[in-house]
$ cat upload.txt   # compact mmCIF, C-alpha atoms and all ligand atoms
# COMPACT_ATOMS: atom_id res chain seq x y z
CA MET M 1 10.36 -0.82 20.41
CA PHE M 2 10.22 2.48 22.29
CA SER M 3 11.12 1.76 25.92
CA GLY M 4 13.49 2.75 28.74
CA ASP M 5 13.06 6.26 30.16
CA VAL M 6 10.55 7.25 27.51
CA VAL M 7 7.15 8.42 28.77
CA LEU M 8 4.64 7.14 26.23
CA LYS M 9 1.29 8.82 25.73
CA GLN M 10 -1.02 6.97 23.35
CA VAL M 11 -3.88 8.84 21.70
CA ALA M 12 -6.34 7.53 19.09
CA GLY M 13 -5.19 8.78 15.68
CA ARG M 14 -8.37 10.66 14.71
CA GLN M 15 -8.86 12.14 18.18
CA MET M 16 -5.40 13.62 18.72
CA SER M 17 -5.66 17.30 19.68
CA ALA M 18 -3.29 20.21 20.33
CA GLY M 19 -3.47 19.62 24.09
CA ASP M 20 -2.25 16.02 23.65
CA VAL M 21 0.98 17.09 22.00
CA ALA M 22 1.66 20.42 23.72
CA ASP M 23 4.43 18.93 25.92
CA ALA M 24 5.70 16.26 23.54
CA ASP M 25 9.34 15.88 22.46
CA LEU M 26 8.52 13.33 19.78
CA LEU M 27 5.30 12.91 17.83
CA LEU M 28 4.79 9.55 16.10
CA VAL M 29 1.70 9.11 13.95
CA ARG M 30 0.09 7.03 11.24
CA SER M 31 -1.78 8.17 8.15
CA ILE M 32 -5.05 9.18 9.84
CA THR M 33 -3.62 12.03 11.95
CA GLN M 34 -3.42 15.44 10.26
CA VAL M 35 -0.17 17.04 11.40
CA ASP M 36 -0.47 20.78 10.83
CA ALA M 37 -0.51 24.19 12.52
CA ALA M 38 -3.78 23.44 14.34
CA LEU M 39 -2.18 20.41 16.02
CA LEU M 40 1.31 21.75 16.60
CA ASP M 41 1.21 25.51 17.19
CA ALA M 42 1.21 24.96 20.97
CA ALA M 43 3.91 22.23 20.87
CA LYS M 44 7.05 24.15 21.74
CA HIS M 45 9.53 21.32 22.56
CA LEU M 46 8.92 19.11 19.55
CA LYS M 47 12.21 17.65 18.29
CA MET M 48 10.78 15.40 15.60
CA VAL M 49 7.63 14.17 13.86
CA GLY M 50 7.62 10.64 12.50
CA THR M 51 5.00 8.74 10.51
CA ALA M 52 5.32 4.95 10.30
CA THR M 53 3.97 5.07 6.75
CA ILE M 54 5.13 5.61 3.22
CA GLY M 55 2.52 8.26 2.42
CA THR M 56 3.03 11.77 3.81
CA ASP M 57 -0.09 13.56 2.53
CA HIS M 58 -1.26 13.96 6.17
CA LEU M 59 1.81 16.03 7.08
CA ASP M 60 1.93 19.77 6.40
CA LYS M 61 5.57 19.71 5.36
CA ASP M 62 5.79 23.44 4.68
CA TYR M 63 4.60 24.14 8.21
CA LEU M 64 7.06 21.64 9.74
CA THR M 65 9.89 23.16 7.70
CA SER M 66 8.88 26.68 8.76
CA ARG M 67 9.12 25.52 12.41
CA SER M 68 12.42 23.67 11.69
CA ILE M 69 10.88 20.46 13.05
CA PRO M 70 12.54 17.44 11.39
CA PHE M 71 10.04 14.93 10.00
CA PHE M 72 10.53 11.33 8.93
CA ASN M 73 8.43 8.78 7.11
CA ALA M 74 9.28 5.13 6.53
CA PRO M 75 9.96 4.77 2.80
CA GLY M 76 9.60 1.23 1.54
CA CYS M 77 8.58 -0.18 4.94
CA ASN M 78 5.40 -1.83 3.66
CA ALA M 79 6.12 -1.84 -0.09
CA ASP M 80 6.46 -5.65 -0.24
CA ALA M 81 3.13 -6.05 1.53
CA VAL M 82 1.38 -3.84 -1.05
CA VAL M 83 3.03 -5.71 -3.93
CA GLU M 84 1.86 -8.99 -2.40
CA TYR M 85 -1.68 -7.61 -2.04
CA ASP M 86 -1.64 -6.85 -5.79
CA LEU M 87 -0.23 -10.27 -6.67
CA ALA M 88 -2.67 -12.10 -4.39
CA VAL M 89 -5.65 -10.27 -5.88
CA LEU M 90 -4.52 -10.70 -9.48
CA PHE M 91 -3.46 -14.37 -9.29
CA ASN M 92 -6.82 -15.21 -7.69
CA LEU M 93 -8.83 -13.12 -10.15
CA PHE M 94 -7.31 -14.66 -13.27
CA GLU M 95 -7.45 -18.18 -11.84
CA GLU M 96 -11.19 -17.66 -11.19
CA ARG M 97 -11.57 -16.65 -14.84
CA GLY M 98 -9.54 -19.59 -16.15
CA GLU M 99 -6.90 -17.16 -17.42
CA SER M 100 -3.33 -16.41 -16.37
CA LEU M 101 -1.74 -13.22 -15.10
CA LEU M 102 1.41 -14.29 -16.95
CA ASP M 103 -0.31 -13.63 -20.32
CA LYS M 104 -1.45 -10.11 -19.40
CA THR M 105 0.04 -6.67 -19.96
CA VAL M 106 0.23 -4.83 -16.64
CA GLY M 107 0.43 -1.01 -16.41
CA VAL M 108 2.02 0.44 -13.29
CA VAL M 109 1.33 4.12 -12.53
CA GLY M 110 3.80 5.49 -9.96
CA VAL M 111 6.99 3.43 -10.11
CA GLY M 112 8.50 4.12 -6.70
CA ASN M 113 9.06 1.74 -3.80
CA VAL M 114 5.78 -0.12 -4.35
CA GLY M 115 5.40 0.25 -8.12
CA GLY M 116 9.10 -0.45 -8.73
CA ARG M 117 9.08 -3.67 -6.72
CA LEU M 118 5.83 -4.72 -8.40
CA CYS M 119 7.45 -4.21 -11.82
CA GLN M 120 10.51 -6.23 -10.74
CA ARG M 121 8.45 -9.20 -9.57
CA LEU M 122 6.19 -9.14 -12.63
CA GLU M 123 9.12 -8.84 -15.03
CA ALA M 124 10.88 -11.71 -13.26
CA LEU M 125 7.74 -13.77 -14.01
CA GLY M 126 7.94 -12.76 -17.67
CA VAL M 127 4.86 -10.48 -17.56
CA LYS M 128 4.87 -7.52 -19.95
CA VAL M 129 4.89 -4.29 -17.90
CA LEU M 130 4.12 -0.70 -18.98
CA LYS M 131 5.34 2.04 -16.65
CA ASN M 132 4.16 5.59 -16.06
CA ASP M 133 6.03 7.95 -13.73
CA PRO M 134 6.32 11.55 -15.03
CA PRO M 135 8.59 12.77 -12.17
CA ARG M 136 11.11 9.99 -12.88
CA HIS M 137 10.77 10.53 -16.63
CA ALA M 138 11.46 14.27 -16.17
CA ALA M 139 14.53 13.38 -14.09
CA GLY M 140 15.97 11.75 -17.22
CA GLU M 141 15.18 8.10 -16.49
CA SER M 142 14.02 5.95 -19.40
CA GLY M 143 11.40 3.23 -19.81
CA PHE M 144 8.25 5.25 -19.09
CA ILE M 145 5.23 5.98 -21.29
CA ALA M 146 2.31 8.44 -21.05
CA LEU M 147 -0.67 7.71 -18.79
CA ASP M 148 -3.04 7.69 -21.79
CA GLU M 149 -0.98 4.97 -23.44
CA VAL M 150 -0.98 2.85 -20.28
CA PHE M 151 -4.76 3.15 -20.06
CA ALA M 152 -5.20 2.28 -23.72
CA GLN M 153 -2.82 -0.71 -23.80
CA ALA M 154 -2.79 -2.47 -20.44
CA ASP M 155 -5.05 -5.36 -19.41
CA VAL M 156 -4.39 -4.54 -15.75
CA ILE M 157 -3.57 -1.11 -14.29
CA CYS M 158 -2.14 -0.74 -10.78
CA LEU M 159 -2.08 2.74 -9.25
CA HIS M 160 0.75 3.40 -6.80
CA THR M 161 1.18 7.17 -6.77
CA PRO M 162 1.25 9.32 -3.66
CA LEU M 163 -1.60 11.81 -3.19
CA VAL M 164 -0.28 15.18 -4.39
CA LYS M 165 -2.57 18.17 -4.94
CA THR M 166 -0.12 20.82 -6.10
CA GLY M 167 3.01 21.12 -8.23
CA GLN M 168 3.86 19.85 -11.67
CA TRP M 169 2.42 16.33 -11.30
CA PRO M 170 -0.70 16.45 -9.14
CA SER M 171 -2.27 13.03 -8.65
CA TYR M 172 -5.60 14.19 -7.17
CA HIS M 173 -8.26 12.78 -9.55
CA LEU M 174 -5.49 11.65 -11.88
CA VAL M 175 -7.98 9.06 -13.09
CA GLY M 176 -11.29 10.60 -14.16
CA GLU M 177 -13.86 10.02 -16.89
CA ALA M 178 -11.43 10.58 -19.77
CA GLU M 179 -8.86 8.04 -18.51
CA LEU M 180 -11.56 5.49 -17.64
CA GLU M 181 -13.03 5.75 -21.16
CA ARG M 182 -9.67 4.61 -22.55
CA LEU M 183 -9.70 1.30 -20.65
CA LYS M 184 -9.60 -1.84 -22.80
CA LEU M 185 -12.54 -4.23 -22.88
CA GLY M 186 -12.32 -6.44 -19.77
CA ALA M 187 -9.58 -4.34 -18.15
CA VAL M 188 -8.75 -4.53 -14.44
CA LEU M 189 -8.15 -1.31 -12.47
CA LEU M 190 -6.53 -1.63 -9.03
CA ASN M 191 -5.90 1.27 -6.64
CA ALA M 192 -3.76 0.68 -3.54
CA GLY M 193 -2.22 4.17 -3.48
CA ARG M 194 -4.58 6.82 -2.13
CA GLY M 195 -8.37 7.00 -2.67
CA PRO M 196 -8.63 10.47 -4.26
CA VAL M 197 -6.21 9.49 -7.05
CA ILE M 198 -9.37 8.13 -8.74
CA ASP M 199 -12.44 10.38 -9.01
CA ASN M 200 -14.73 7.91 -7.21
CA GLN M 201 -17.97 9.42 -8.56
CA ALA M 202 -16.65 9.14 -12.12
CA LEU M 203 -15.60 5.55 -11.40
CA LEU M 204 -19.07 4.66 -10.11
CA GLY M 205 -20.76 6.14 -13.19
CA PHE M 206 -18.29 4.33 -15.43
CA LEU M 207 -18.68 0.92 -13.74
CA GLN M 208 -22.47 1.22 -14.04
CA GLN M 209 -22.04 1.43 -17.83
CA ARG M 210 -18.94 -0.73 -18.41
CA THR M 211 -19.70 -3.97 -16.59
CA ASP M 212 -16.79 -5.62 -18.40
CA VAL M 213 -14.29 -3.63 -16.30
CA THR M 214 -13.13 -5.02 -12.94
CA ALA M 215 -12.23 -2.55 -10.19
CA ILE M 216 -10.26 -3.44 -7.09
CA LEU M 217 -10.07 -0.78 -4.40
CA ASP M 218 -8.07 -0.83 -1.19
CA VAL M 219 -8.29 2.95 -0.81
CA TRP M 220 -11.34 5.23 -1.03
CA GLU M 221 -12.13 8.88 -1.44
CA HIS M 222 -13.34 10.29 1.92
CA GLU M 223 -12.03 7.42 4.11
CA PRO M 224 -13.18 6.20 6.56
CA GLN M 225 -16.52 6.85 4.81
CA VAL M 226 -17.00 4.36 1.96
CA ASP M 227 -19.56 4.79 -0.82
CA ALA M 228 -21.53 1.53 -0.48
CA THR M 229 -22.93 1.86 -4.02
CA LEU M 230 -19.41 2.03 -5.41
CA ALA M 231 -18.21 -0.82 -3.18
CA ALA M 232 -21.06 -2.97 -4.52
CA ARG M 233 -19.67 -2.50 -8.05
CA VAL M 234 -16.11 -3.28 -7.02
CA HIS M 235 -14.77 -6.85 -7.32
CA ILE M 236 -12.48 -6.68 -4.27
CA ALA M 237 -13.12 -3.98 -1.63
CA THR M 238 -10.68 -3.71 1.29
CA PRO M 239 -10.23 -1.15 4.09
CA HIS M 240 -6.82 0.38 3.26
CA ILE M 241 -4.87 -2.64 4.45
CA ALA M 242 -2.74 -3.46 1.40
CA GLY M 243 0.40 -2.56 3.35
CA TYR M 244 -0.65 -4.17 6.62
CA SER M 245 1.82 -7.03 6.97
CA LEU M 246 3.32 -7.49 10.42
CA ASP M 247 6.73 -7.30 8.72
CA GLY M 248 5.83 -3.92 7.17
CA LYS M 249 4.45 -2.46 10.39
CA LEU M 250 7.52 -3.50 12.38
CA ARG M 251 9.85 -2.18 9.65
CA GLY M 252 8.06 1.20 9.76
CA THR M 253 8.27 1.43 13.55
CA HIS M 254 11.91 0.36 13.49
CA MET M 255 12.76 3.05 10.95
CA LEU M 256 11.21 5.69 13.21
CA ARG M 257 13.07 4.25 16.22
CA GLN M 258 16.31 4.68 14.26
CA ALA M 259 15.38 8.25 13.28
CA ALA M 260 14.50 9.11 16.89
CA ALA M 261 17.85 7.71 18.11
CA THR M 262 19.65 9.92 15.61
CA VAL M 263 17.67 13.05 16.51
CA LEU M 264 18.07 12.45 20.27
CA ASP M 265 21.69 11.31 19.95
CA ALA M 266 20.74 8.03 21.68
CA PRO M 267 21.97 4.46 20.98
CA GLN M 268 20.57 2.84 17.84
CA PRO M 269 18.05 0.00 18.41
CA PRO M 270 18.93 -3.68 17.90
CA ASP M 271 18.52 -5.13 14.41
CA LEU M 272 14.93 -5.55 13.20
CA SER M 273 15.38 -9.35 13.02
CA GLU M 274 15.31 -9.37 16.84
CA PHE M 275 11.71 -8.14 16.80
CA LEU M 276 10.30 -10.13 13.86
CA PRO M 277 8.85 -13.51 15.00
CA VAL M 278 9.03 -16.67 12.92
CA ALA M 279 5.73 -17.07 11.04
CA ALA M 280 3.17 -19.46 12.56
CA VAL M 281 3.21 -21.42 9.30
CA ASN M 282 6.76 -21.06 8.02
CA ALA M 283 7.35 -24.12 5.83
CA VAL M 284 5.20 -26.26 3.58
CA THR M 285 5.99 -29.38 1.56
CA VAL M 286 4.15 -29.46 -1.76
CA SER M 287 4.02 -31.43 -4.99
CA ASP M 288 4.28 -30.08 -8.52
CA ASP M 289 0.46 -29.97 -8.74
CA VAL M 290 0.30 -27.00 -6.41
CA THR M 291 -0.88 -23.70 -7.90
CA ILE M 292 0.71 -20.32 -7.26
CA SER M 293 -2.58 -18.95 -5.94
CA ALA M 294 -2.95 -21.84 -3.48
CA LEU M 295 0.46 -20.99 -2.02
CA ILE M 296 -0.28 -17.26 -2.01
CA ASN M 297 -3.57 -17.87 -0.19
CA MET M 298 -1.75 -19.83 2.51
CA VAL M 299 0.06 -16.60 3.39
CA TYR M 300 -2.55 -14.02 2.45
CA ASP M 301 -6.06 -14.44 1.03
CA PRO M 302 -7.49 -11.01 0.11
CA LEU M 303 -11.01 -12.43 -0.01
CA HIS M 304 -11.03 -12.58 3.80
CA ASP M 305 -10.47 -8.82 3.92
CA ASP M 306 -13.11 -8.26 1.23
CA ARG M 307 -15.71 -10.29 3.17
CA ARG M 308 -14.96 -8.53 6.47
CA MET M 309 -15.28 -5.13 4.84
CA ARG M 310 -18.54 -5.92 3.01
CA LYS M 311 -20.23 -6.87 6.29
CA THR M 312 -19.57 -3.33 7.58
CA LEU M 313 -21.02 -1.53 4.56
CA VAL M 314 -24.61 -1.95 5.74
CA CYS M 315 -23.89 -0.66 9.26
CA ASP M 316 -24.95 2.82 10.42
CA ASP M 317 -21.52 3.31 11.96
CA GLN M 318 -19.65 2.15 8.83
CA PRO M 319 -16.78 4.69 9.21
CA VAL M 320 -16.13 3.53 12.79
CA ARG M 321 -16.06 -0.05 11.60
CA PHE M 322 -13.67 0.81 8.76
CA ASP M 323 -11.21 2.10 11.36
CA LEU M 324 -11.82 -0.94 13.57
CA LEU M 325 -11.09 -3.37 10.73
CA ARG M 326 -7.73 -1.67 10.39
CA LYS M 327 -7.03 -1.38 14.10
CA GLN M 328 -7.88 -5.04 14.78
CA TYR M 329 -6.23 -6.36 11.64
CA PRO M 330 -5.04 -9.98 12.07
CA VAL M 331 -1.39 -10.92 11.85
CA ARG M 332 -0.43 -11.20 8.19
CA ARG M 333 3.04 -12.18 7.05
CA GLU M 334 4.91 -11.63 3.78
CA PHE M 335 5.59 -14.34 1.16
CA ALA M 336 9.24 -14.59 2.21
CA SER M 337 8.12 -15.93 5.61
CA LEU M 338 6.99 -19.20 3.94
CA ARG M 339 9.58 -21.78 2.85
CA VAL M 340 8.19 -23.90 0.01
CA ILE M 341 9.78 -27.35 -0.10
CA GLY M 342 9.61 -30.33 -2.44
CA LEU M 343 8.96 -28.91 -5.91
CA ARG M 344 10.67 -30.83 -8.69
CA ASP M 345 9.35 -28.46 -11.36
CA ARG M 346 12.19 -26.00 -11.84
CA ALA M 347 10.08 -23.44 -13.72
CA LEU M 348 7.53 -23.32 -10.89
CA ARG M 349 10.34 -22.95 -8.33
CA GLU M 350 11.69 -19.98 -10.29
CA GLN M 351 8.23 -18.39 -10.55
CA LEU M 352 7.70 -18.68 -6.80
CA ARG M 353 11.12 -17.18 -6.11
CA ALA M 354 10.30 -14.37 -8.54
CA ILE M 355 7.26 -13.37 -6.50
CA GLY M 356 9.09 -13.52 -3.18
CA PHE M 357 8.69 -16.99 -1.63
CA SER M 358 11.63 -18.82 -0.07
CA VAL M 359 11.98 -22.00 -2.14
CA ASP M 360 14.08 -25.08 -1.25
CA LEU M 361 14.36 -28.43 -2.97
CA ALA M 362 14.26 -30.40 0.28
N1 LIG Y 401 -2.86 0.95 0.51
C1 LIG Y 401 -1.86 0.93 1.35
O1 LIG Y 401 -1.90 0.26 2.36
C2 LIG Y 401 -0.61 1.70 1.04
C3 LIG Y 401 0.62 1.23 1.53
C4 LIG Y 401 1.77 1.91 1.19
C5 LIG Y 401 1.70 3.06 0.41
N2 LIG Y 401 0.49 3.51 -0.01
C6 LIG Y 401 0.42 4.71 -0.87
O2 LIG Y 401 1.12 4.43 -2.06
C7 LIG Y 401 1.92 5.53 -2.40
C8 LIG Y 401 3.14 5.06 -3.15
O3 LIG Y 401 4.01 4.37 -2.26
P1 LIG Y 401 5.57 4.24 -2.61
O4 LIG Y 401 6.23 3.68 -1.44
O5 LIG Y 401 5.74 3.53 -3.89
O6 LIG Y 401 5.97 5.75 -2.73
P2 LIG Y 401 7.24 6.33 -3.48
O7 LIG Y 401 7.35 7.72 -3.06
O8 LIG Y 401 8.40 5.42 -3.31
O9 LIG Y 401 6.83 6.24 -5.02
C9 LIG Y 401 5.84 7.03 -5.60
C10 LIG Y 401 6.16 7.14 -7.08
O10 LIG Y 401 5.07 7.82 -7.70
C11 LIG Y 401 5.61 8.74 -8.64
N3 LIG Y 401 4.63 9.79 -8.90
C12 LIG Y 401 4.42 10.92 -8.20
N4 LIG Y 401 3.43 11.64 -8.77
C13 LIG Y 401 3.01 10.94 -9.86
C14 LIG Y 401 2.00 11.15 -10.83
N5 LIG Y 401 1.23 12.24 -10.83
N6 LIG Y 401 1.85 10.20 -11.78
C15 LIG Y 401 2.60 9.08 -11.80
N7 LIG Y 401 3.59 8.85 -10.91
C16 LIG Y 401 3.77 9.75 -9.94
C17 LIG Y 401 6.88 9.24 -7.98
O11 LIG Y 401 7.78 9.80 -8.92
C18 LIG Y 401 7.42 7.97 -7.35
O12 LIG Y 401 8.29 7.26 -8.20
C19 LIG Y 401 2.25 6.22 -1.05
O13 LIG Y 401 2.50 7.59 -1.21
C20 LIG Y 401 1.02 5.96 -0.25
O14 LIG Y 401 0.15 7.04 -0.43
C21 LIG Y 401 -0.65 2.85 0.27
O1 LIG Y 402 1.20 5.22 3.39
C1 LIG Y 402 1.27 4.11 3.87
O2 LIG Y 402 2.35 3.61 4.28
C2 LIG Y 402 0.04 3.25 3.96
O3 LIG Y 402 -1.06 3.85 3.38
C3 LIG Y 402 -0.22 2.73 5.32
O4 LIG Y 402 -0.58 1.39 5.24
C4 LIG Y 402 -1.27 3.50 6.05
O5 LIG Y 402 -1.55 2.86 7.26
P1 LIG Y 402 -2.00 3.67 8.54
O6 LIG Y 402 -0.94 4.66 8.81
O7 LIG Y 402 -3.27 4.37 8.22
O8 LIG Y 402 -2.12 2.67 9.60

$ encode --input "upload.txt" --output "structure tokens"
Amino acid sequence: MFSGDVVLKQVAGRQMSAGDVADADLLLVRSITQVDAALLDAAKHLKMVGTATIGTDHLDKDYLTSRSIPFFNAPGCNADAVVEYDLAVLFNLFEERGESLLDKTVGVVGVGNVGGRLCQRLEALGVKVLKNDPPRHAAGESGFIALDEVFAQADVICLHTPLVKTGQWPSYHLVGEAELERLKLGAVLLNAGRGPVIDNQALLGFLQQRTDVTAILDVWEHEPQVDATLAARVHIATPHIAGYSLDGKLRGTHMLRQAAATVLDAPQPPDLSEFLPVAAVNAVTVSDDVTISALINMVYDPLHDDRRMRKTLVCDDQPVRFDLLRKQYPVRREFASLRVIGLRDRALREQLRAIGFSVDLA
């Protein structure tokens, strides 16, 4: 997406050093590069910093502001991918148990781009949703309840807050012993926000006692290091890939390309649709016997990611392998890339549309 007269210098995200960026006009990163004074003090021509991610906890925003360097993230770029990770995990889990997600009460903590879209899709399915988002509540929006109430009432809790360590609503160790103790019997706790939002040591101690609780972790405290003892207690363990759809990655890059064009007063790039390929499997004809999880798994089966990650947990170089799993992640598309054809059952058609599939009668 970045071409023409641009001189591109690619540096591995964890290895990037001050010398690499000293002469840069633009710095484009992902979540594993700390962007702070140590990296940028020597960079005197920098016109912009961009991160092709939703999260910004790796950017020292105060420092960037003090240097008047504009910075951009890519809000919402991979939100649908994260929502689909949650749905894939939950539909599979309850099918395995002979239960249905549709009968559960789901708590969503952090109702922004990811959490908000998750609530929309669940509510469209008829699932009861409890929402917690103190910043939005304080801004005068309605429909939110306290974190304690979510933990006490929900069958499933999905964490989608940013990692914030200061201010009025810090999320660092938002979930510790006290919150975990409130979980209902048989509850499911899913974190696809940032690892340190859950106190991982407290979670391990809790899961050792409360074997009825199911934990699903895509994000870990101290990434790329993963606590193998904790992972062994977790039902689905994945290497921070919830947002890794091809669609989401291209959207993020495209948003930064647009920001760069604005900053540099250059022409805007072509529409994103010009870059997004048609999915390898883009249509399927099914009968009314098909299950929602079977269709979801055709697009994305989270168990593949779980299996790949578990193999790395026994390796001496586990952190290197965690990064490699992410770097070499296979092409994954979003639900909307699959057209489901042939269903006569109107209710099932509506459910599939509600969770994001393209559905046609014929
Ligand atoms: N696992 C992944 O692959 C992946 C992918 C995308 C995003 N993320 C993470 O998920 C986070 C959320 O993404 P998003 O796009 O929804 O961000 P967002 O900024 O759109 O939404 C975050 C929401 O959390 C709320 N919030 C902030 N502090 C809170 C607190 N202490 N308690 C409850 N709510 C709080 C905010 O008010 C906001 O509504 C990102 O910041 C990123 O760290 C992870
Ligand atoms: O914040 C985000 O958007 C996500 O956590 C994102 O998936 C992180 O991916 P990375 O930048 O590490 O490739």

$ residues_around --input "upload.txt" --residues "M:Val164" --least-positions-apart "2" --cutoff "12 Å" --atoms "only C-alpha atoms" --output "MDAnalysis selection string"
chainID M and resid 55:60 110 161:162 166:174 193:197

$ write_last_selection --input "upload.txt" --atoms "C-alpha atoms" --output "CSV table (one decimal), in the coordinates of the input"
chain,number,residue,atom,x,y,z
M,55,GLY,CA,2.5,8.3,2.4
M,56,THR,CA,3.0,11.8,3.8
M,57,ASP,CA,-0.1,13.6,2.5
M,58,HIS,CA,-1.3,14.0,6.2
M,59,LEU,CA,1.8,16.0,7.1
M,60,ASP,CA,1.9,19.8,6.4
M,110,GLY,CA,3.8,5.5,-10.0
M,161,THR,CA,1.2,7.2,-6.8
M,162,PRO,CA,1.2,9.3,-3.7
M,166,THR,CA,-0.1,20.8,-6.1
M,167,GLY,CA,3.0,21.1,-8.2
M,168,GLN,CA,3.9,19.8,-11.7
M,169,TRP,CA,2.4,16.3,-11.3
M,170,PRO,CA,-0.7,16.4,-9.1
M,171,SER,CA,-2.3,13.0,-8.6
M,172,TYR,CA,-5.6,14.2,-7.2
M,173,HIS,CA,-8.3,12.8,-9.6
M,174,LEU,CA,-5.5,11.6,-11.9
M,193,GLY,CA,-2.2,4.2,-3.5
M,194,ARG,CA,-4.6,6.8,-2.1
M,195,GLY,CA,-8.4,7.0,-2.7
M,196,PRO,CA,-8.6,10.5,-4.3
M,197,VAL,CA,-6.2,9.5,-7.0

$ closest_atom_pairs --input "upload.txt" --of "chain M" --to "ligand LIG 402 (chain Y)" --cutoff "9 Å" --atoms "all atoms listed in the file" --output "JSON lines"
{"residue": "M:Gly13", "atom": "CA", "partner": "Y:LIG402", "partner_atom": "O7", "distance": 8.9}
{"residue": "M:Val29", "atom": "CA", "partner": "Y:LIG402", "partner_atom": "O6", "distance": 7.3}
{"residue": "M:Arg30", "atom": "CA", "partner": "Y:LIG402", "partner_atom": "O6", "distance": 3.5}
{"residue": "M:Ser31", "atom": "CA", "partner": "Y:LIG402", "partner_atom": "O6", "distance": 3.7}
{"residue": "M:Ile32", "atom": "CA", "partner": "Y:LIG402", "partner_atom": "O7", "distance": 5.4}
{"residue": "M:Thr33", "atom": "CA", "partner": "Y:LIG402", "partner_atom": "O6", "distance": 8.4}
{"residue": "M:Thr51", "atom": "CA", "partner": "Y:LIG402", "partner_atom": "O6", "distance": 7.4}
{"residue": "M:Ala52", "atom": "CA", "partner": "Y:LIG402", "partner_atom": "O6", "distance": 6.4}
{"residue": "M:Thr53", "atom": "CA", "partner": "Y:LIG402", "partner_atom": "O2", "distance": 3.3}
{"residue": "M:Ile54", "atom": "CA", "partner": "Y:LIG402", "partner_atom": "O2", "distance": 3.6}
{"residue": "M:Gly55", "atom": "CA", "partner": "Y:LIG402", "partner_atom": "O1", "distance": 3.5}
{"residue": "M:Thr56", "atom": "CA", "partner": "Y:LIG402", "partner_atom": "O1", "distance": 6.8}
{"residue": "M:Asp57", "atom": "CA", "partner": "Y:LIG402", "partner_atom": "O1", "distance": 8.5}
{"residue": "M:Asn73", "atom": "CA", "partner": "Y:LIG402", "partner_atom": "O2", "distance": 8.5}
{"residue": "M:Ala74", "atom": "CA", "partner": "Y:LIG402", "partner_atom": "O2", "distance": 7.4}
{"residue": "M:Pro75", "atom": "CA", "partner": "Y:LIG402", "partner_atom": "O2", "distance": 7.8}
{"residue": "M:Gly76", "atom": "CA", "partner": "Y:LIG402", "partner_atom": "O2", "distance": 8.1}
{"residue": "M:Cys77", "atom": "CA", "partner": "Y:LIG402", "partner_atom": "O2", "distance": 7.3}
{"residue": "M:Asn78", "atom": "CA", "partner": "Y:LIG402", "partner_atom": "O2", "distance": 6.3}
{"residue": "M:Ala79", "atom": "CA", "partner": "Y:LIG402", "partner_atom": "O2", "distance": 7.9}
{"residue": "M:Val82", "atom": "CA", "partner": "Y:LIG402", "partner_atom": "O4", "distance": 8.4}
{"residue": "M:Pro162", "atom": "CA", "partner": "Y:LIG402", "partner_atom": "O1", "distance": 8.2}
{"residue": "M:Ala192", "atom": "CA", "partner": "Y:LIG402", "partner_atom": "O3", "distance": 8.1}
{"residue": "M:Gly193", "atom": "CA", "partner": "Y:LIG402", "partner_atom": "O3", "distance": 7.0}
{"residue": "M:Arg194", "atom": "CA", "partner": "Y:LIG402", "partner_atom": "O3", "distance": 7.2}
{"residue": "M:Val219", "atom": "CA", "partner": "Y:LIG402", "partner_atom": "O3", "distance": 8.4}
{"residue": "M:His240", "atom": "CA", "partner": "Y:LIG402", "partner_atom": "O4", "distance": 6.6}
{"residue": "M:Ile241", "atom": "CA", "partner": "Y:LIG402", "partner_atom": "O4", "distance": 5.9}
{"residue": "M:Ala242", "atom": "CA", "partner": "Y:LIG402", "partner_atom": "O4", "distance": 6.6}
{"residue": "M:Gly243", "atom": "CA", "partner": "Y:LIG402", "partner_atom": "O4", "distance": 4.5}
{"residue": "M:Tyr244", "atom": "CA", "partner": "Y:LIG402", "partner_atom": "O4", "distance": 5.7}
{"residue": "M:Ser245", "atom": "CA", "partner": "Y:LIG402", "partner_atom": "O4", "distance": 8.9}
{"residue": "M:Gly248", "atom": "CA", "partner": "Y:LIG402", "partner_atom": "O4", "distance": 8.5}
{"residue": "M:Lys249", "atom": "CA", "partner": "Y:LIG402", "partner_atom": "O4", "distance": 8.2}
{"residue": "M:Gly252", "atom": "CA", "partner": "Y:LIG402", "partner_atom": "O2", "distance": 8.3}
{"residue": "M:Asp323", "atom": "CA", "partner": "Y:LIG402", "partner_atom": "O7", "distance": 8.8}
{"residue": "M:Arg326", "atom": "CA", "partner": "Y:LIG402", "partner_atom": "O8", "distance": 7.1}
{"residue": "M:Lys327", "atom": "CA", "partner": "Y:LIG402", "partner_atom": "O8", "distance": 7.8}

$ atom_distance --input "upload.txt" --atom1 "atom CA of M:Leu93" --atom2 "atom CA of M:Leu303"
10.4 Å

$ residues_around --input "upload.txt" --residues "M:Phe275" --least-positions-apart "2" --cutoff "10 Å" --atoms "all atoms listed in the file" --output "PyMOL selection string"
chain M and resi 1+247+250-251+254+270-273+277-278

$ atom_distance --input "upload.txt" --atom1 "atom CA of M:Leu180" --atom2 "atom CA of M:Leu204"
10.7 Å

$ residues_around --input "upload.txt" --residues "M:Asp41" --least-positions-apart "3" --cutoff "9 Å" --atoms "only C-alpha atoms" --output "number ranges by chain"
M: 18, 22, 36-38, 44

$ atom_distance --input "upload.txt" --atom1 "atom CA of M:Leu230" --atom2 "atom CA of M:Val114"
25.3 Å

$ residues_around --input "upload.txt" --residues "M:Met298" --least-positions-apart "4" --cutoff "10 Å" --atoms "all atoms listed in the file" --output "list in words"
Val281, Val284, Ser293, Ala294, Phe335 and Leu338 of chain M
